[in-house]
Amino acid sequence: MLKACQYCGRVHSKKTDCAAKLRTLRERDAVQRERESTIRTFRSSGSWRRKSEAVRMRDKRLCLVCCDEMKRLGVCTGELIGAEVHHIIALVNDFDKRLDDDNLITLCRQHHEAAEAGEMSPDYLRALVCADSEE
């Protein structure tokens with residue numbers, strides 16, 4: 001069966017990978033590897049260690065989601081003690097926001113994993129950071 005190729009515009013057999021497709025996929029993989037390398041390097045940098053410690057201090061080493069649950073519901077579903085700093089907008093999505101105070105939040109492990117899995121909206125987390133900095 002023949003199909004128009006989205007990479008080169010020609011008509012090929014469905015089973016054929018043209019040179020343009022292979023080149024595009026190789027380039028995409030190279031960009032991805034470079035992005036991952038940049039993120040790994042950043043996570044071990046002194047600037048990240050200093051910033052993450054400053055964010056923990058700002059949030060009094062408490063998980064802001066747990067604190068919000070305690071205020072609203074009177075119960076907490078997490079561990080309250082927060083030791084992990086989460087990027088609300090992930091590094092892979094916007095590396096330029098890697099050190100922005102309003103993009104960083106302290107979370108306990110349970111809520112950090114939930115945030116990474118997309119179970120909490122970025123708007124909710126950003127609102128917690130803004131509310132905490134107003135107090």
# chains A, B, ... in the order shown; residues from 1 in each chain; ligands from 1

$ residues_around --residues "Val75 in chain A" --least-positions-apart "5" --cutoff "9 Å" --atoms "only C-alpha atoms" --output "PyMOL selection string"
chain A and resi 66+69-70

$ select_by_dssp --residues "range 2-98 of chain A" --states "strand (DSSP E)" --output "list in words"
Leu2, Lys3, Ala4, Val11, His12, Ser13, Glu84, Val85, His86 and His87 of chain A

$ write_last_selection --atoms "C-alpha atoms" --output "CSV table (one decimal), in the first residue's frame"
chain,number,residue,atom,x,y,z
A,2,LEU,CA,1.3,3.4,-0.9
A,3,LYS,CA,1.2,6.5,1.3
A,4,ALA,CA,2.2,10.1,1.0
A,11,VAL,CA,4.7,8.6,-2.2
A,12,HIS,CA,6.3,5.5,-0.7
A,13,SER,CA,5.3,2.1,0.4
A,84,GLU,CA,11.4,18.2,47.7
A,85,VAL,CA,11.3,21.2,45.5
A,86,HIS,CA,9.0,20.8,42.5
A,87,HIS,CA,9.1,22.8,39.2

$ atom_distance --atom1 "CA of Ile39 in chain A" --atom2 "CA of Arg56 in chain A"
20.4 Å

$ atom_distance --atom1 "CA of Arg61 in chain A" --atom2 "CA of Thr38 in chain A"
27.4 Å

$ closest_residue --among "A:Val92, A:Val129, A:Leu99, A:Leu73" --to "Gln32 in chain A" --atoms "only C-alpha atoms"
A:Val92

$ closest_residue --among "A:Leu107, A:Ala19, A:Ala117, A:Ala83" --to "Cys67 in chain A" --atoms "only C-alpha atoms"
A:Leu107

$ closest_residue --among "A:Glu36, A:Tyr7, A:Gly78, A:Phe95" --to "Leu22 in chain A" --atoms "only C-alpha atoms"
A:Tyr7

$ select_by_dssp --residues "chain A" --states "alpha helix (DSSP H)" --output "PyMOL selection string"
chain A and resi 19-43+46-58+64-73+109-116+122-134

$ write_last_selection --atoms "C-alpha atoms" --output "CSV table (one decimal), in the first residue's frame"
chain,number,residue,atom,x,y,z
A,19,ALA,CA,16.0,9.1,4.2
A,20,ALA,CA,14.2,12.3,5.2
A,21,LYS,CA,12.2,10.5,7.9
A,22,LEU,CA,15.3,8.8,9.3
A,23,ARG,CA,17.2,12.1,9.3
A,24,THR,CA,14.4,13.9,11.0
A,25,LEU,CA,14.1,11.2,13.7
A,26,ARG,CA,17.9,11.3,14.3
A,27,GLU,CA,17.8,15.0,14.7
A,28,ARG,CA,14.9,14.9,17.1
A,29,ASP,CA,16.7,12.3,19.2
A,30,ALA,CA,19.8,14.4,19.3
A,31,VAL,CA,17.9,17.4,20.5
A,32,GLN,CA,16.2,15.3,23.2
A,33,ARG,CA,19.5,13.9,24.4
A,34,GLU,CA,21.0,17.4,24.6
A,35,ARG,CA,18.0,18.7,26.5
A,36,GLU,CA,18.2,15.8,29.0
A,37,SER,CA,21.9,16.4,29.4
A,38,THR,CA,21.4,20.1,30.1
A,39,ILE,CA,18.7,19.3,32.7
A,40,ARG,CA,21.0,16.7,34.4
A,41,THR,CA,23.8,19.2,34.5
A,42,PHE,CA,21.5,21.9,36.0
A,43,ARG,CA,20.2,19.5,38.7
A,46,GLY,CA,25.4,24.9,42.8
A,47,SER,CA,22.8,27.4,41.6
A,48,TRP,CA,20.1,24.8,41.8
A,49,ARG,CA,21.2,23.6,45.2
A,50,ARG,CA,21.2,27.2,46.6
A,51,LYS,CA,17.8,28.0,45.0
A,52,SER,CA,16.2,24.8,46.2
A,53,GLU,CA,17.4,25.4,49.7
A,54,ALA,CA,16.1,29.0,49.5
A,55,VAL,CA,12.7,27.7,48.4
A,56,ARG,CA,12.6,25.2,51.2
A,57,MET,CA,13.4,28.0,53.7
A,58,ARG,CA,10.7,30.2,52.1
A,64,LEU,CA,2.3,23.7,50.8
A,65,VAL,CA,-0.4,21.2,49.5
A,66,CYS,CA,-0.5,19.6,53.0
A,67,CYS,CA,-0.8,23.0,54.6
A,68,ASP,CA,-3.6,24.0,52.2
A,69,GLU,CA,-5.4,20.7,53.0
A,70,MET,CA,-5.1,21.3,56.7
A,71,LYS,CA,-6.6,24.8,56.4
A,72,ARG,CA,-9.4,23.8,54.1
A,73,LEU,CA,-10.3,20.3,55.2
A,109,ARG,CA,7.2,13.1,48.4
A,110,GLN,CA,3.6,12.0,48.1
A,111,HIS,CA,2.4,15.3,46.7
A,112,HIS,CA,5.5,15.7,44.5
A,113,GLU,CA,4.8,12.4,42.8
A,114,ALA,CA,1.1,13.4,42.4
A,115,ALA,CA,2.2,16.7,40.8
A,116,GLU,CA,4.7,15.0,38.5
A,122,PRO,CA,-0.2,24.0,37.7
A,123,ASP,CA,-2.6,26.8,38.5
A,124,TYR,CA,-3.5,25.3,41.9
A,125,LEU,CA,0.2,24.9,42.7
A,126,ARG,CA,1.0,28.5,41.5
A,127,ALA,CA,-1.8,29.8,43.7
A,128,LEU,CA,-0.3,28.1,46.7
A,129,VAL,CA,3.0,29.7,46.1
A,130,CYS,CA,1.5,33.1,45.7
A,131,ALA,CA,-0.7,32.7,48.8
A,132,ASP,CA,2.3,31.6,50.8
A,133,SER,CA,4.5,34.5,49.7
A,134,GLU,CA,1.7,37.0,50.7

$ atom_distance --atom1 "CA of Ser45 in chain A" --atom2 "CA of Gly118 in chain A"
26.2 Å
